[in-house]
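Since the structure comes first, as structure tokens, the remarks are kept for the end.
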Amino acid sequence: MDIKRTVLWVVFSMSLLILWDNWMRHTGKQSMFFPTSAPAAQQSKDASASAVASAASAASVAAAVPGVPGAAPAIKSERITITTDVIKVDIDTIGGEVKRLELLKHKDDHDKTKNIVLFNESAKRTYLAQTGLLGGDFPNHKSGFVAKPGSRQLGSDNQVQLVLESEQAGVKLTKTFTFKKGDYIIDVKHEVANNTAAAIKPSLYLQLLHDGTKPESGGMFSGSTEFYAPAVYTEADKFQKLDFEKIEKGSDSHATKANDGWISVIQHFFVSAFIPQDKTAREIFTKKVDTNLYAVGSILPMGTVAPGATASMNARLYSGPQESAILEKIAPGLDLVKDYWYFAIIAKPMFWVMEFFHSLLGNWGWTIVVFTIAIKLALFPLSAAGYRSMAKMKVVTPKMTAVREQYKNDPQKMNQAMMELYKKEKINPLGGCFPILIQMPIFLSLYWVLQASVEMRGAPWMGWITDLTAPDPWYILPVVYAISMYITTKLNPAPADPMQAKMMLFMPLAFSVMFFFFPSGLVLYWVVNNILSIAQQWVINNKMIPPEHKS
């Protein structure tokens with residue numbers, strides 16, 4: 001069997017296998033290669049005694065954060081709706097909880113007539129943002145608040161505020177939510193007024209509550225890549241993605257103390273994150289709140305508040321799309337929620353280049369086409385050498401066949417004769433591998449760019465392609481891919497082994513069937529790449545091969 005072909009198909013097959021395995025893991029299926037992934041920090045650090053002690057301390061503090069609602073407060077519950085140009089938010093006067101948050105610029109995956117909803121409380125989903133005070137009989141997310149009157153829409157200053165007040169045992173907590181035009185960030189200010197005769201030491205907690213129910217999947221070929229996972233970030237420990245199953249078992253591991261960072265719940269294309277004010281000491285916790293209900297949060301001491309004095313602390317709540325340009329400006333490391341897997345070193349700069357092309361073209365489909373052309377031109381000197389080698393291989397195929405026939409009963413002499421033939425004809429038997437080897441990292445990275453980039457979610461190309469992150473609904477691109485692969489195969493020298501020759505004809509069909517279920521943007525890239533490769537190989541075969549190799 002030809003070494004070059006073996007290497008090519010092994011690389012291509014393994015790449016597709018890796019893609020398929022990650023598709024399975026995204027849709028909630030068991031990985032073929034890896035167990036359930038552990039947080040990076042957990043994998044890279046030993047559970048030292050100091051870490052255990054720190055985690056125990058955080059757990060004890062977290063236990064003080066109120067759990068599920070108990071008896072209803074005397075004050076009547078009222079949901080106040082704040083609407084901007086990008087979000088619609090419901091906040092309950094019981095606790096000042098963010099009960100519902102709708103993104104007005106992003107449609108739901110399953111019902112395009114509706115907008116996607118992040119925070120929500122229903123029979124199927126619990127996803128809430130809660131804040132309150134610890135350290136005494138202080139207002140928390142179960143307390144009754146009174147809303148000050150005011151506008152609930154954006155005003156002339158392009159912002160709107162909601163002020164909630166609650167007083168408990170002489171301690172008054174004022175929550176001020178500030179919403180701004182075009183912004184997914186909600187500024188949340190907490191002001192504590194001590195109206196008692198003694199000093200108090202309150203701590204502010206910020207937590208995100210989420211159920212552990214996995215999203216519904218339509219099956220292996222549904223294309224669903226939904227997931228939910230808590231995550232934390234500190235400058236010292238960097239990004240740590242957790243999971244609800246480990247929180248349930250008490251085996252999760254993450255940073256527990258810091259002076260910076262944020263906590264979040266991430267999902268495909270979107271994220272909600274509480275970002276406390278910087279350079280403020282905090283404890284970070286995860287805990288099981290109730291059956292199938294979990295919390296990730298931060299606790300921040302507000303210092304000693306003397307009688308008659310006040311203290312305040314600011315935080316931001318971001319709940320919106322994982323757009324790189326937005327996340328990078330909000331907080332260090334927040335852009336890491338956009339998961340490129342192990343290909344971040346290639347995928348990040350790749351997306352930056354694609355963003356530049358998109359700023360000129362205004363269409364992500366044509367951006368992929370132009371990006372593919374640019375990559376092909378940039379790699380032409382390297383890939384051209386490989387195509388020359390393949391073209392020469394096609395010319396000397398009759399000689400190779402004769403050698404195989406002459407020494408078919410003596411493999412050792414056959415290999416020696418083949419090496420002499422390669423040397424005489426100045427052919428690198430592995431030279432034809434370069435086009436595929438060069439393309440594979442780009443191909444795999446583009447897969448993760450398409451999987452992670454909300455910018456391309458629902459982005460059309462033309463005609464029947466209305467979402468580049470979803471499979472081709474009419475399977476046109478996979479069919480074009482199969483045709484282009486067939487032509488590519490015919491341009492290459494035919495294998496001497498009849499079985500291998502049949503495999504070479506079958507493989508394009510097999511891969512095109514797999515591409516039925518891959519993002520159409522990824523298939524578009526590969527179709528354009530194949531068409532350019534066919535043109536490039538034709539030029540090399542007819543214009544760049546020395547005359548002595550054409551006879």
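Letters A, B, ... mark the chains of the structure tokens in the order given; residue numbers begin at 1 per chain; ligand numbers begin at 1, in order shown.
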
**Request:** Pick out each residue of segment 275-423 of chain A that DSSP on the backbone tags as strand (DSSP E); I need them as a ChimeraX atom specification.
**Result:** /A:275-276,282-290,293-301,310-321

May I have the residues from that selection written out with N, CA and C atoms, as a short mmCIF file (atom, residue, chain, number, x, y, z; two decimals), in the first residue's frame?
data_model
loop_
_atom_site.label_atom_id
_atom_site.label_comp_id
_atom_site.auth_asym_id
_atom_site.auth_seq_id
_atom_site.Cartn_x
_atom_site.Cartn_y
_atom_site.Cartn_z
N ILE A 275 -19.57 39.99 38.02
CA ILE A 275 -18.21 40.53 38.07
C ILE A 275 -18.14 41.54 39.21
N PRO A 276 -17.63 41.14 40.37
CA PRO A 276 -17.52 42.10 41.50
C PRO A 276 -16.50 43.19 41.17
N ARG A 282 -12.51 38.34 48.17
CA ARG A 282 -13.74 37.57 48.04
C ARG A 282 -13.48 36.09 48.24
N GLU A 283 -14.52 35.39 48.60
CA GLU A 283 -14.49 33.93 48.63
C GLU A 283 -15.40 33.43 47.52
N ILE A 284 -14.96 32.38 46.87
CA ILE A 284 -15.71 31.82 45.74
C ILE A 284 -16.25 30.46 46.16
N PHE A 285 -17.51 30.21 45.89
CA PHE A 285 -18.11 28.96 46.33
C PHE A 285 -18.98 28.34 45.25
N THR A 286 -19.13 27.04 45.33
CA THR A 286 -20.16 26.31 44.60
C THR A 286 -20.86 25.43 45.64
N LYS A 287 -22.14 25.19 45.47
CA LYS A 287 -22.84 24.35 46.43
C LYS A 287 -24.13 23.82 45.84
N LYS A 288 -24.58 22.73 46.43
CA LYS A 288 -25.90 22.19 46.10
C LYS A 288 -26.91 22.90 46.98
N VAL A 289 -27.91 23.52 46.36
CA VAL A 289 -28.92 24.29 47.08
C VAL A 289 -30.12 23.42 47.44
N ASP A 290 -30.52 22.58 46.49
CA ASP A 290 -31.67 21.71 46.68
C ASP A 290 -31.54 20.58 45.67
N LEU A 293 -30.49 21.39 42.07
CA LEU A 293 -30.37 22.85 42.02
C LEU A 293 -29.04 23.25 42.64
N TYR A 294 -28.26 24.07 41.92
CA TYR A 294 -26.88 24.36 42.34
C TYR A 294 -26.60 25.86 42.21
N ALA A 295 -25.59 26.29 42.97
CA ALA A 295 -25.22 27.71 42.95
C ALA A 295 -23.72 27.86 42.79
N VAL A 296 -23.32 28.91 42.09
CA VAL A 296 -21.92 29.33 42.03
C VAL A 296 -21.93 30.82 42.38
N GLY A 297 -21.03 31.23 43.27
CA GLY A 297 -21.09 32.62 43.70
C GLY A 297 -19.84 33.14 44.37
N SER A 298 -19.91 34.41 44.74
CA SER A 298 -18.82 35.09 45.44
C SER A 298 -19.37 35.76 46.70
N ILE A 299 -18.54 35.79 47.75
CA ILE A 299 -18.90 36.48 49.00
C ILE A 299 -17.83 37.53 49.27
N LEU A 300 -18.26 38.79 49.44
CA LEU A 300 -17.33 39.91 49.57
C LEU A 300 -17.60 40.67 50.86
N PRO A 301 -16.68 40.65 51.82
CA PRO A 301 -16.84 41.42 53.06
C PRO A 301 -16.92 42.92 52.75
N THR A 310 -22.93 54.36 56.34
CA THR A 310 -23.32 53.55 55.18
C THR A 310 -22.07 52.99 54.51
N ALA A 311 -22.25 51.93 53.79
CA ALA A 311 -21.17 51.32 52.99
C ALA A 311 -21.78 50.83 51.69
N SER A 312 -21.01 50.84 50.62
CA SER A 312 -21.54 50.41 49.32
C SER A 312 -20.53 49.55 48.59
N MET A 313 -21.04 48.75 47.69
CA MET A 313 -20.19 47.89 46.87
C MET A 313 -20.86 47.72 45.50
N ASN A 314 -20.06 47.82 44.47
CA ASN A 314 -20.58 47.71 43.11
C ASN A 314 -20.25 46.34 42.50
N ALA A 315 -21.07 45.93 41.58
CA ALA A 315 -20.84 44.70 40.82
C ALA A 315 -21.50 44.88 39.47
N ARG A 316 -21.13 44.02 38.55
CA ARG A 316 -21.76 44.02 37.23
C ARG A 316 -22.27 42.62 36.92
N LEU A 317 -23.41 42.58 36.29
CA LEU A 317 -23.99 41.31 35.84
C LEU A 317 -24.07 41.36 34.32
N TYR A 318 -23.25 40.54 33.69
CA TYR A 318 -23.32 40.44 32.22
C TYR A 318 -24.13 39.20 31.87
N SER A 319 -25.11 39.38 31.02
CA SER A 319 -25.90 38.24 30.55
C SER A 319 -26.21 38.48 29.08
N GLY A 320 -25.47 37.77 28.22
CA GLY A 320 -25.62 38.02 26.79
C GLY A 320 -24.78 37.08 25.95
N PRO A 321 -24.54 37.46 24.72
CA PRO A 321 -23.81 36.60 23.78
C PRO A 321 -22.31 36.57 24.06
#

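Look at Met302 of chain A: the protein and nucleic acid residues within 12 Å of it, using only C-alpha atoms and passing over chain neighbours fewer than 4 places away, are Gly132, Leu133, Leu134, Gly135, His190, Glu191, Val192, Ala193, Ile200, Lys201, Pro202, Ser203, Leu204, Tyr205, Gln277, Thr280, Ala281, Arg282, Ala306, Thr310, Ala311, Ser312, Met313 and Asn314 of chain A.
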
Can you write out the residues you just picked, keeping N, CA and C atoms, as a compact mmCIF listing (two decimals), in the first residue's frame?
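Written output follows (out-v5.txt):
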# COMPACT_ATOMS: atom_id res chain seq x y z
N GLY A 132 -27.55 39.42 48.13
CA GLY A 132 -28.05 39.73 49.46
C GLY A 132 -26.90 39.90 50.44
N LEU A 133 -27.25 40.03 51.72
CA LEU A 133 -26.26 40.26 52.76
C LEU A 133 -26.15 39.07 53.70
N LEU A 134 -24.93 38.85 54.19
CA LEU A 134 -24.65 37.84 55.21
C LEU A 134 -24.04 38.53 56.43
N GLY A 135 -24.01 37.80 57.56
CA GLY A 135 -23.35 38.32 58.75
C GLY A 135 -24.27 38.78 59.84
N HIS A 190 -24.96 47.93 45.65
CA HIS A 190 -25.55 47.57 46.93
C HIS A 190 -25.08 48.58 47.98
N GLU A 191 -26.02 49.28 48.59
CA GLU A 191 -25.69 50.26 49.63
C GLU A 191 -26.33 49.82 50.95
N VAL A 192 -25.50 49.71 51.99
CA VAL A 192 -25.97 49.27 53.30
C VAL A 192 -25.96 50.46 54.26
N ALA A 193 -27.09 50.70 54.87
CA ALA A 193 -27.20 51.76 55.87
C ALA A 193 -27.45 51.12 57.24
N ILE A 200 -21.87 46.89 62.55
CA ILE A 200 -22.15 45.62 61.87
C ILE A 200 -21.04 45.32 60.88
N LYS A 201 -20.90 44.04 60.52
CA LYS A 201 -19.91 43.61 59.54
C LYS A 201 -20.59 42.75 58.47
N PRO A 202 -21.31 43.39 57.57
CA PRO A 202 -22.02 42.62 56.55
C PRO A 202 -21.08 42.15 55.44
N SER A 203 -21.46 41.07 54.80
CA SER A 203 -20.79 40.59 53.59
C SER A 203 -21.84 40.51 52.48
N LEU A 204 -21.43 40.86 51.29
CA LEU A 204 -22.33 40.79 50.14
C LEU A 204 -22.10 39.48 49.40
N TYR A 205 -23.17 38.80 49.05
CA TYR A 205 -23.02 37.61 48.21
C TYR A 205 -23.68 37.85 46.86
N GLN A 277 -16.54 44.25 41.96
CA GLN A 277 -15.55 45.31 41.75
C GLN A 277 -14.15 44.76 42.00
N THR A 280 -10.93 43.57 45.33
CA THR A 280 -11.74 43.39 46.53
C THR A 280 -11.68 41.93 46.94
N ALA A 281 -11.32 41.68 48.18
CA ALA A 281 -11.21 40.30 48.65
C ALA A 281 -12.56 39.60 48.56
N ARG A 282 -12.51 38.34 48.17
CA ARG A 282 -13.74 37.57 48.04
C ARG A 282 -13.48 36.09 48.24
N ALA A 306 -20.24 51.47 60.97
CA ALA A 306 -20.58 52.04 62.27
C ALA A 306 -22.05 52.45 62.32
N THR A 310 -22.93 54.36 56.34
CA THR A 310 -23.32 53.55 55.18
C THR A 310 -22.07 52.99 54.51
N ALA A 311 -22.25 51.93 53.79
CA ALA A 311 -21.17 51.32 52.99
C ALA A 311 -21.78 50.83 51.69
N SER A 312 -21.01 50.84 50.62
CA SER A 312 -21.54 50.41 49.32
C SER A 312 -20.53 49.55 48.59
N MET A 313 -21.04 48.75 47.69
CA MET A 313 -20.19 47.89 46.87
C MET A 313 -20.86 47.72 45.50
N ASN A 314 -20.06 47.82 44.47
CA ASN A 314 -20.58 47.71 43.11
C ASN A 314 -20.25 46.34 42.50

**Residues within 8 Å of Met418 of chain A, only C-alpha atoms, excluding chain neighbours under 3 positions, as a list in words** =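 Listed by chain and then number, they are Met400, Val403, Met414, Asn415, Leu421 and Tyr422 of chain A.
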
**Request:** Just list the residues in segment 357-542 of chain A DSSP gives helix (DSSP H, G or I) on the backbone, as a PyMOL selection string.
**Result:** chain A and resi 357-361+364-378+380-395+397-406+411-425+431-452+454-456+476-491+498-517+520-542

**Message:** Which residues are close to segment 87-98 of chain A, i.e. within 6 Å by only C-alpha atoms, leaving aside same-chain residues fewer than 3 positions away? Reply as number ranges by chain.
**Reply:** A: 77-84, 101-104, 128-130, 140-145
